[in-house]
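As provided, work_20.txt (compact mmCIF, C-alpha atoms and all ligand atoms) reads as follows.
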# COMPACT_ATOMS: atom_id res chain seq x y z
CA MET R 256 6.29 -18.87 -15.68
CA ARG R 257 2.59 -19.65 -15.39
CA ARG R 258 -0.58 -18.44 -17.09
CA ILE R 259 -3.97 -19.30 -15.64
CA ASP R 260 -7.46 -18.72 -16.99
CA ILE R 261 -8.25 -15.30 -15.52
CA SER R 262 -11.76 -15.18 -17.01
CA ALA R 263 -12.68 -18.22 -14.90
CA LEU R 264 -11.71 -16.34 -11.72
CA VAL R 265 -13.52 -13.08 -12.46
CA ARG R 266 -17.07 -12.70 -11.10
CA PRO R 267 -19.52 -13.53 -13.91
CA ASN R 268 -21.29 -10.13 -13.62
CA ILE R 269 -17.95 -8.35 -14.11
CA GLU R 270 -17.07 -10.61 -17.02
CA LYS R 271 -20.36 -9.55 -18.67
CA LEU R 272 -20.25 -5.93 -17.54
CA VAL R 273 -20.28 -3.26 -20.23
CA ALA R 274 -18.10 -0.51 -18.75
CA TYR R 275 -19.35 3.10 -18.74
CA SER R 276 -18.34 4.92 -21.85
CA SER R 277 -17.36 8.52 -21.14
CA ALA R 278 -18.09 11.26 -23.69
CA ARG R 279 -14.48 12.08 -24.49
CA SER R 280 -13.51 8.47 -25.10
CA GLU R 281 -16.14 8.07 -27.82
CA PHE R 282 -14.60 10.19 -30.56
CA THR R 283 -11.44 9.69 -32.53
CA GLY R 284 -9.59 12.30 -34.55
CA GLN R 285 -8.76 15.95 -33.92
CA ALA R 286 -11.16 18.52 -32.43
CA ASN R 287 -10.91 21.83 -30.63
CA ILE R 288 -14.55 22.63 -29.86
CA PHE R 289 -15.84 20.32 -27.14
CA LEU R 290 -19.63 20.28 -26.85
CA ASP R 291 -19.83 16.62 -25.91
CA ALA R 292 -19.55 16.32 -22.10
CA ASN R 293 -21.88 18.98 -20.65
CA GLU R 294 -18.93 20.84 -19.17
CA ASN R 295 -18.79 24.56 -18.41
CA PRO R 296 -17.22 26.08 -21.59
CA TYR R 297 -15.23 28.97 -20.02
CA ASP R 298 -11.72 27.56 -20.53
CA GLU R 299 -9.97 30.93 -20.20
CA ILE R 300 -11.58 31.82 -16.86
CA LEU R 301 -11.69 28.42 -15.14
CA SER R 302 -8.70 26.08 -14.90
CA TYR R 303 -10.57 22.87 -14.13
CA ASN R 304 -13.72 23.12 -16.25
CA ARG R 305 -12.82 20.08 -18.37
CA TYR R 306 -12.87 16.42 -17.37
CA PRO R 307 -9.41 14.83 -17.34
CA ASP R 308 -8.31 12.21 -19.87
CA THR R 309 -9.93 9.16 -18.26
CA TYR R 310 -7.02 6.96 -19.40
CA TYR R 311 -4.38 9.26 -17.84
CA SER R 312 -2.18 8.32 -20.80
CA GLU R 313 0.67 10.79 -20.16
CA LEU R 314 1.01 9.92 -16.47
CA ARG R 315 0.64 6.18 -17.05
CA SER R 316 3.24 6.18 -19.81
CA ILE R 317 5.81 7.97 -17.61
CA ILE R 318 5.19 5.61 -14.67
CA ALA R 319 5.25 2.57 -16.98
CA LYS R 320 8.60 3.68 -18.39
CA ASP R 321 10.00 4.13 -14.86
CA LEU R 322 8.85 0.60 -13.95
CA SER R 323 9.99 -0.91 -17.29
CA ILE R 324 6.49 -2.20 -18.03
CA ASP R 325 3.94 -1.61 -20.76
CA ILE R 326 1.41 1.22 -20.40
CA ASP R 327 -1.41 -1.38 -20.51
CA GLN R 328 0.07 -3.07 -17.43
CA ILE R 329 -0.77 -0.17 -15.13
CA MET R 330 -4.01 1.33 -13.77
CA LEU R 331 -4.11 4.42 -11.55
CA THR R 332 -6.36 4.62 -8.51
CA ASN R 333 -7.44 7.08 -5.84
CA GLY R 334 -4.78 5.85 -3.42
CA SER R 335 -3.87 2.16 -3.38
CA ASP R 336 -6.85 1.61 -1.05
CA GLU R 337 -9.13 2.11 -4.06
CA GLY R 338 -7.07 -0.46 -5.98
CA ILE R 339 -7.56 -3.02 -3.17
CA ASP R 340 -11.32 -2.48 -3.28
CA ILE R 341 -11.50 -2.79 -7.08
CA ILE R 342 -9.51 -6.07 -6.98
CA VAL R 343 -11.85 -7.55 -4.36
CA ARG R 344 -14.97 -6.52 -6.30
CA ALA R 345 -13.61 -7.98 -9.54
CA PHE R 346 -12.83 -11.43 -8.18
CA CYS R 347 -14.82 -12.19 -5.02
CA GLU R 348 -18.45 -13.24 -5.01
CA PRO R 349 -20.13 -11.79 -1.88
CA SER R 350 -21.17 -14.33 0.77
CA ARG R 351 -19.17 -17.04 -0.99
CA ASP R 352 -15.51 -16.29 -1.70
CA HIS R 353 -12.91 -15.15 0.75
CA LEU R 354 -9.60 -13.39 0.81
CA MET R 355 -6.63 -14.35 2.89
CA THR R 356 -3.81 -12.33 4.38
CA VAL R 357 -1.36 -12.52 7.28
CA GLU R 358 -1.75 -11.38 10.85
CA PRO R 359 -0.49 -8.95 12.07
CA GLY R 360 -1.05 -7.15 8.77
CA PHE R 361 -2.58 -4.14 7.07
CA GLY R 362 -6.03 -3.43 8.52
CA MET R 363 -7.61 -2.24 5.27
CA PHE R 364 -7.93 -5.77 3.84
CA LYS R 365 -10.47 -6.70 6.52
CA VAL R 366 -12.41 -3.47 6.05
CA VAL R 367 -12.64 -3.99 2.28
CA ALA R 368 -13.64 -7.65 2.82
CA ASP R 369 -16.36 -6.61 5.28
CA ILE R 370 -17.68 -3.83 3.03
CA ASN R 371 -17.98 -6.28 0.15
CA ASP R 372 -19.33 -9.13 2.31
CA ILE R 373 -16.34 -11.32 1.50
CA GLY R 374 -14.91 -13.89 3.91
CA TYR R 375 -11.71 -12.84 5.66
CA ARG R 376 -9.10 -15.38 6.80
CA THR R 377 -5.72 -14.71 8.30
CA TYR R 378 -2.59 -16.74 8.71
CA ARG R 379 -0.57 -15.90 11.81
CA LEU R 380 3.05 -14.83 11.32
CA ASN R 381 5.71 -16.45 13.55
CA ASP R 382 6.58 -14.68 16.82
CA ASP R 383 9.51 -12.91 15.12
CA TYR R 384 7.11 -11.88 12.28
CA SER R 385 8.74 -14.16 9.75
CA LEU R 386 6.42 -16.21 7.55
CA ASP R 387 5.99 -20.00 7.74
CA GLU R 388 5.70 -20.32 3.97
CA GLN R 389 4.54 -23.94 3.89
CA GLY R 390 2.03 -23.21 6.66
CA LEU R 391 0.46 -20.43 4.61
CA ILE R 392 0.20 -22.64 1.52
CA ASP R 393 -1.38 -25.42 3.63
CA SER R 394 -4.02 -23.07 4.98
CA ILE R 395 -5.37 -22.05 1.56
CA ALA R 396 -9.04 -23.13 1.39
CA PRO R 397 -11.19 -23.90 -1.68
CA GLU R 398 -13.00 -20.54 -1.24
CA THR R 399 -9.72 -18.56 -1.17
CA LYS R 400 -9.81 -16.36 -4.27
CA LEU R 401 -7.25 -13.75 -3.27
CA ILE R 402 -4.11 -13.71 -1.12
CA PHE R 403 -2.95 -10.24 -0.07
CA LEU R 404 0.61 -9.88 1.26
CA CYS R 405 2.39 -6.63 2.04
CA SER R 406 6.11 -6.58 1.38
CA PRO R 407 7.38 -4.79 3.42
CA ASN R 408 4.55 -5.60 5.79
CA ASN R 409 2.63 -3.05 7.84
CA PRO R 410 2.90 -2.98 10.87
CA THR R 411 5.81 -5.43 11.23
CA GLY R 412 8.22 -4.07 8.57
CA SER R 413 9.13 -7.62 7.52
CA SER R 414 9.43 -8.70 3.87
CA ILE R 415 8.34 -11.71 1.83
CA SER R 416 11.00 -13.49 -0.23
CA HIS R 417 10.73 -13.20 -4.02
CA GLN R 418 11.10 -16.98 -4.27
CA PHE R 419 8.04 -17.50 -2.10
CA ILE R 420 6.00 -15.02 -4.16
CA GLU R 421 6.86 -17.06 -7.27
CA ARG R 422 6.01 -20.29 -5.47
CA LEU R 423 2.63 -18.89 -4.40
CA CYS R 424 1.84 -17.71 -7.94
CA THR R 425 2.71 -21.20 -9.19
CA GLU R 426 0.86 -23.27 -6.60
CA PHE R 427 -2.21 -21.10 -5.86
CA ASN R 428 -5.12 -21.20 -8.29
CA GLY R 429 -6.22 -17.69 -7.44
CA ILE R 430 -4.81 -14.16 -7.49
CA VAL R 431 -1.75 -13.13 -5.44
CA ILE R 432 -1.62 -9.44 -4.55
CA ILE R 433 1.66 -7.97 -3.30
CA ASP R 434 1.18 -4.59 -1.66
CA GLU R 435 4.45 -2.69 -2.13
CA ALA R 436 3.43 0.55 -0.41
CA TYR R 437 6.85 0.77 1.32
CA ILE R 438 9.03 -0.81 -1.36
CA GLU R 439 11.17 2.29 -2.04
CA PHE R 440 12.58 2.12 1.51
CA SER R 441 13.64 -1.50 1.13
CA ASP R 442 16.80 -2.93 -0.41
CA LYS R 443 14.96 -6.16 -1.30
CA GLY R 444 13.60 -4.73 -4.58
CA SER R 445 10.19 -4.84 -6.23
CA VAL R 446 8.59 -7.88 -7.89
CA VAL R 447 7.01 -5.77 -10.64
CA SER R 448 8.89 -7.58 -13.42
CA LEU R 449 7.24 -10.87 -12.35
CA ILE R 450 3.91 -9.76 -13.86
CA ASN R 451 5.40 -10.87 -17.18
CA GLU R 452 5.89 -14.38 -15.77
CA TYR R 453 2.65 -14.84 -13.78
CA ASN R 454 -0.71 -13.50 -14.91
CA ASN R 455 -2.21 -14.20 -11.46
CA LEU R 456 0.10 -11.65 -9.79
CA ILE R 457 -1.03 -8.10 -9.03
CA ILE R 458 1.18 -5.46 -7.41
CA THR R 459 -0.02 -2.29 -5.75
CA GLN R 460 2.19 0.71 -5.06
CA THR R 461 1.50 4.23 -3.85
CA PHE R 462 2.58 7.85 -4.05
CA SER R 463 1.71 8.19 -0.33
CA LYS R 464 4.94 7.04 1.32
CA ALA R 465 8.43 7.51 -0.20
CA LEU R 466 7.14 9.94 -2.81
CA GLY R 467 5.76 12.15 -0.04
CA ALA R 468 2.35 12.66 -1.62
CA ALA R 469 -0.24 11.05 0.65
CA GLY R 470 -2.42 14.14 0.19
CA ILE R 471 -2.88 13.79 -3.58
CA ARG R 472 -4.29 10.24 -3.24
CA LEU R 473 -2.63 8.30 -6.02
CA GLY R 474 -2.04 4.57 -6.21
CA LYS R 475 -0.83 2.16 -8.89
CA VAL R 476 -2.18 -1.27 -9.75
CA ILE R 477 0.32 -3.23 -11.83
CA ALA R 478 -0.71 -6.49 -13.51
CA ASP R 479 -1.12 -8.48 -16.67
CA THR R 480 -3.08 -6.62 -19.40
CA GLU R 481 -6.03 -9.04 -19.28
CA VAL R 482 -6.42 -8.61 -15.51
CA LEU R 483 -6.41 -4.84 -15.95
CA VAL R 484 -9.14 -5.00 -18.61
CA TYR R 485 -11.44 -6.42 -15.91
CA LEU R 486 -10.27 -4.03 -13.18
CA ASN R 487 -10.69 -1.03 -15.50
CA LYS R 488 -14.32 -1.99 -16.09
CA ILE R 489 -14.96 -1.35 -12.38
CA ARG R 490 -12.82 1.78 -12.06
CA MET R 491 -15.03 4.87 -12.11
CA PRO R 492 -14.35 7.24 -15.01
CA TYR R 493 -12.09 10.16 -14.03
CA ASN R 494 -11.18 8.56 -10.66
CA ILE R 495 -8.01 10.71 -10.53
CA SER R 496 -8.49 14.47 -10.39
CA THR R 497 -6.69 16.84 -12.75
CA ASN R 498 -4.88 18.38 -9.75
CA THR R 499 -3.63 14.95 -8.68
CA SER R 500 -2.25 13.98 -12.06
CA GLU R 501 -0.61 17.40 -12.56
CA GLU R 502 1.03 17.16 -9.14
CA ALA R 503 2.15 13.57 -9.83
CA LEU R 504 3.75 14.63 -13.14
CA ARG R 505 5.59 17.40 -11.29
CA LEU R 506 6.83 14.97 -8.63
CA LEU R 507 7.99 12.38 -11.14
CA LYS R 508 10.23 14.99 -12.76
CA ASN R 509 11.98 15.47 -9.42
CA GLU R 510 13.74 12.12 -8.98
CA ASP R 511 16.55 13.82 -6.98
CA LEU R 512 14.15 15.01 -4.29
CA LYS R 513 12.70 11.49 -3.88
CA LYS R 514 16.20 9.96 -3.61
CA LYS R 515 17.27 12.61 -1.08
CA MET R 516 14.20 12.04 1.11
CA ILE R 517 14.63 8.25 1.07
CA LYS R 518 18.32 8.56 1.90
CA GLU R 519 17.61 10.87 4.84
CA ILE R 520 14.76 8.73 6.16
CA ASN R 521 16.90 5.59 5.94
CA SER R 522 19.77 7.30 7.74
CA GLU R 523 17.43 8.56 10.48
CA LYS R 524 16.08 5.02 10.68
CA GLU R 525 19.54 3.63 11.50
CA ASP R 526 19.95 6.24 14.25
CA MET R 527 16.52 5.47 15.64
CA TYR R 528 17.35 1.77 15.89
CA GLN R 529 20.39 2.53 18.08
CA ARG R 530 18.51 5.01 20.24
CA LEU R 531 15.52 2.71 20.78
CA ASP R 532 17.78 -0.19 21.62
CA ASP R 533 19.28 1.84 24.49
CA TYR R 534 15.99 2.59 26.27
CA ASP R 535 15.30 0.39 29.30
CA GLN R 536 11.58 0.27 28.47
CA VAL R 537 12.21 -1.24 25.04
CA ILE R 538 11.93 -5.03 24.96
CA GLU R 539 12.45 -5.45 21.22
CA VAL R 540 12.85 -3.38 18.06
CA TYR R 541 11.75 -5.57 15.15
CA PRO R 542 13.94 -5.30 12.03
CA SER R 543 12.13 -3.27 9.38
CA ASP R 544 12.44 -2.75 5.62
CA ALA R 545 9.98 0.17 5.77
CA ASN R 546 9.94 3.74 7.14
CA PHE R 547 8.81 2.67 10.62
CA TYR R 548 9.66 0.35 13.46
CA LEU R 549 7.34 -1.87 15.41
CA VAL R 550 8.65 -1.77 18.96
CA LYS R 551 7.71 -3.92 21.94
CA PHE R 552 7.72 -1.92 25.17
CA ASN R 553 7.45 -2.65 28.81
CA GLY R 554 4.19 -0.78 29.51
CA ALA R 555 3.37 0.33 25.95
CA SER R 556 0.06 2.02 26.85
CA LYS R 557 1.69 4.23 29.48
CA ILE R 558 4.47 5.17 27.10
CA TYR R 559 1.92 5.97 24.39
CA GLU R 560 0.04 8.30 26.77
CA SER R 561 3.21 9.98 28.02
CA LEU R 562 4.43 10.57 24.46
CA LEU R 563 1.06 12.08 23.61
CA GLN R 564 1.32 14.43 26.58
CA ALA R 565 4.65 15.57 25.16
CA GLY R 566 2.91 16.22 21.82
CA VAL R 567 4.33 13.15 20.05
CA VAL R 568 1.83 10.77 18.53
CA VAL R 569 2.84 7.23 17.56
CA ARG R 570 0.50 4.39 16.59
CA SER R 571 -0.53 1.96 19.28
CA PHE R 572 -0.95 -1.69 18.32
CA SER R 573 -1.17 -2.85 21.93
CA ARG R 574 -4.59 -4.39 21.44
CA LYS R 575 -3.84 -5.98 18.07
CA LYS R 576 -3.41 -9.75 18.10
CA GLY R 577 0.26 -10.65 17.76
CA CYS R 578 1.39 -7.07 18.56
CA GLU R 579 0.63 -6.94 22.28
CA ASP R 580 2.60 -4.14 23.96
CA CYS R 581 3.79 -2.78 20.62
CA LEU R 582 3.90 0.74 19.30
CA ARG R 583 4.65 1.59 15.66
CA ILE R 584 6.96 4.54 15.26
CA THR R 585 7.27 6.27 11.89
CA ILE R 586 10.70 7.74 11.04
CA GLY R 587 10.39 11.53 11.00
CA THR R 588 12.82 14.29 10.13
CA GLN R 589 15.89 14.67 12.34
CA GLU R 590 14.17 17.51 14.22
CA GLN R 591 10.96 15.49 14.76
CA ASN R 592 12.90 12.41 15.85
CA ASN R 593 14.92 14.49 18.32
CA LYS R 594 11.67 15.62 19.95
CA PHE R 595 10.62 11.97 20.19
CA TYR R 596 13.98 11.03 21.83
CA LYS R 597 13.66 13.95 24.24
CA ALA R 598 10.16 12.80 25.22
CA MET R 599 11.43 9.23 25.68
CA GLU R 600 14.26 10.43 27.92
CA GLN R 601 11.81 12.43 30.00
CA ILE R 602 9.60 9.33 30.38
CA HIS R 603 12.68 7.35 31.43
CA SER R 604 13.69 9.84 34.14
CA ASN R 605 10.10 10.08 35.43
CA ILE R 606 10.04 6.30 35.82
CA GLU R 607 13.38 6.37 37.65
CA ILE R 608 12.14 9.08 40.04
CA ASN R 609 8.92 7.12 40.68
CA GLU R 610 10.84 3.93 41.34
CA LYS R 611 13.20 5.65 43.77
CA SER R 612 10.34 7.26 45.67
CA GLN R 613 8.57 3.92 46.19
C1 LIG V 701 0.57 -1.62 3.35
C2 LIG V 701 -0.23 -0.43 2.93
N1 LIG V 701 -0.90 -0.45 1.79
C3 LIG V 701 -1.62 0.60 1.37
C4 LIG V 701 -1.72 1.74 2.14
C5 LIG V 701 -2.60 2.86 1.69
O1 LIG V 701 -2.00 3.59 0.70
P1 LIG V 701 -2.75 4.76 -0.05
O2 LIG V 701 -2.46 6.02 0.70
O3 LIG V 701 -2.12 4.73 -1.41
O4 LIG V 701 -4.22 4.45 -0.11
C6 LIG V 701 -1.05 1.81 3.36
C7 LIG V 701 -1.16 3.01 4.20
O5 LIG V 701 -0.75 3.11 5.31
C8 LIG V 701 -0.29 0.69 3.78
O6 LIG V 701 0.36 0.69 4.94
Take the structure in the file and give it back as structure tokens.
Amino acid sequence: MRRIDISALVRPNIEKLVAYSSARSEFTGQANIFLDANENPYDEILSYNRYPDTYYSELRSIIAKDLSIDIDQIMLTNGSDEGIDIIVRAFCEPSRDHLMTVEPGFGMFKVVADINDIGYRTYRLNDDYSLDEQGLIDSIAPETKLIFLCSPNNPTGSSISHQFIERLCTEFNGIVIIDEAYIEFSDKGSVVSLINEYNNLIITQTFSKALGAAGIRLGKVIADTEVLVYLNKIRMPYNISTNTSEEALRLLKNEDLKKKMIKEINSEKEDMYQRLDDYDQVIEVYPSDANFYLVKFNGASKIYESLLQAGVVVRSFSRKKGCEDCLRITIGTQEQNNKFYKAMEQIHSNIEINEKSQ
């Protein structure tokens, strides 16, 4: 359990900022004639003529209940990418502060750091993609304001131990952000409940992966209430569209569908591990807690091109530091995965034919 002075970490201009006050949030009481927000008044003809509730109270309360947290401990964003950007802008002074993350890791942290003119430092994972916990703590610099860690990590699929997350929140005098975009696929469990123990811990989650809703663009930022007061000052009013919140409410009512999809993906994932392991071109399949595998190949670039010719696109990380000769393969449906296996077998026999003819 640790509470630090959050106001001392927030950028002074954000501390002082008076957030935009939207028309609909300025009245209290009951009303049914809305002439306050310069909207088009034709409710009966148009379905989206009104601005949404900028607090998204219904959606937030359902998500908060699911996560066993308070409604004031969650903010919704236009994908979790928007949440990452808001966090950086709240805490990091351009040209002075920096954020830290691990390498190989999620590429968006560098992009957001560069956009905001924030320093970007990385700590290299071990060769097996495990984390040298003490090494990371030792490499924290005085300018480090934020540490972003994905658990499970993209692109490696590896996870961070809950004990280490607690240790980091205790020993680091800045903000720890755990990106749980893939948490539903993992059996390691979320650290959401730790926000009640550490007010310097922020968790981001998304509707884009296990929930199957990348197209609606909806992310969650979960943190202590005081932290969210600052982050909400930066969040643009109505950042989630009415369509998005309606679709999210519909999805949240269908818990069975989510469970079924996760179960099927995880079962396909087990099959894929076996299949990949059998291919001669595969050097290593890294263990993964997410819905993908990072795989080291003999001749990754050629395999990438051959798969593409067969109409199968995977993600190449061959040129990424620490992922040389690696491709990241997302688990598809059984039918999609079968096409991938078929393409791999074709590549294998072409190599055999070439070798024999030489
Ligand atoms: C670790 C991680 N965080 C966040 C995101 C982005 O999520 P969203 O679609 O919610 O912006 C991704 C997308 O690939 C990801 O891999």
Taking all atoms listed in the file into account, list the residues no farther than 10 Å from ligand LIG 701 (chain V), as a PyMOL selection string.
chain R and resi 332-339+360-364+403-410+412+433-438+459-464+468-475+545
So which one's closest to R:Leu401, R:Tyr534, R:Phe289, R:Tyr485, R:Tyr375? Using all atoms listed in the file, please.
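Ranked by minimum distance to R:Leu401, first place goes to R:Tyr375.
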Calculate how many Å separate atom CA of R:Leu562 from atom CA of R:Ser413, rounding to one decimal.
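We find that atom CA of R:Leu562 and atom CA of R:Ser413 lie 25.3 Å from each other.
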One decimal, in Å: what's the spacing between atom CA of R:Asn455 and atom CA of R:Val431?
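Between atom CA of R:Asn455 and atom CA of R:Val431 the gap works out to 6.1 Å.
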Step by step, gather every atom of stretch 466-472 of chain R that the file lists, find the box along x, y and z that holds them, add 8 Å on each side, and finally give centre and edge lengths in Å to one decimal, as lines of an AutoDock Vina configuration file.
center_x = 1.4
center_y = 12.0
center_z = -1.5
size_x = 27.4
size_y = 20.2
size_z = 20.2
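Nearest-residue note for R:Met516: choosing from R:Gln564, R:Asn553, R:Thr588, R:Asn428, the minimum distance belongs to R:Thr588, counting only C-alpha atoms.
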Report the distance between atom CA of R:Ile457 and atom CA of R:Glu388 in Å, rounded to one decimal place.
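Taking atom CA of R:Ile457 and atom CA of R:Glu388, their separation equals 19.1 Å.
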Which residue of R:Lys557, R:Arg305, R:Lys594, R:Lys524 approaches R:Ala278 most closely, using all atoms listed in the file:
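When distances to R:Ala278 are compared using all atoms listed in the file, the smallest one comes from R:Arg305.
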For R:Val476, find every residue with an atom within 6 Å (counting all atoms listed in the file), except residues of its own chain fewer than 5 positions away, and show them as a short mmCIF file (atom, residue, chain, number, x, y, z; two decimals) with C-alpha atoms, in the coordinates of the input.
data_model
loop_
_atom_site.label_atom_id
_atom_site.label_comp_id
_atom_site.auth_asym_id
_atom_site.auth_seq_id
_atom_site.Cartn_x
_atom_site.Cartn_y
_atom_site.Cartn_z
CA ILE R 329 -0.77 -0.17 -15.13
CA MET R 330 -4.01 1.33 -13.77
CA ILE R 458 1.18 -5.46 -7.41
CA THR R 459 -0.02 -2.29 -5.75
#
Nearby residues (all atoms listed in the file) at most 9 Å from R:Pro359, same-chain spacing under 3 positions excluded, as a VMD selection string:
chain R and resid 362 377 to 380 384 408 to 411 575 to 578
Save the residues we just selected, C-alpha atoms, as an mmCIF file, keeping the file's coordinate frame?
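Below is the file selection-v1.cif, written as the result:
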data_model
loop_
_atom_site.group_PDB
_atom_site.id
_atom_site.type_symbol
_atom_site.label_atom_id
_atom_site.label_comp_id
_atom_site.auth_asym_id
_atom_site.auth_seq_id
_atom_site.Cartn_x
_atom_site.Cartn_y
_atom_site.Cartn_z
ATOM 1 C CA GLY R 362 -6.030 -3.430 8.520
ATOM 2 C CA THR R 377 -5.720 -14.710 8.300
ATOM 3 C CA TYR R 378 -2.590 -16.740 8.710
ATOM 4 C CA ARG R 379 -0.570 -15.900 11.810
ATOM 5 C CA LEU R 380 3.050 -14.830 11.320
ATOM 6 C CA TYR R 384 7.110 -11.880 12.280
ATOM 7 C CA ASN R 408 4.550 -5.600 5.790
ATOM 8 C CA ASN R 409 2.630 -3.050 7.840
ATOM 9 C CA PRO R 410 2.900 -2.980 10.870
ATOM 10 C CA THR R 411 5.810 -5.430 11.230
ATOM 11 C CA LYS R 575 -3.840 -5.980 18.070
ATOM 12 C CA LYS R 576 -3.410 -9.750 18.100
ATOM 13 C CA GLY R 577 0.260 -10.650 17.760
ATOM 14 C CA CYS R 578 1.390 -7.070 18.560
#
Ranking R:Glu281, R:Glu348, R:Glu358, R:Glu579 by minimum distance to R:Arg266 and counting all atoms listed in the file, which one comes first?
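Closest to R:Arg266, using all atoms listed in the file: R:Glu348.
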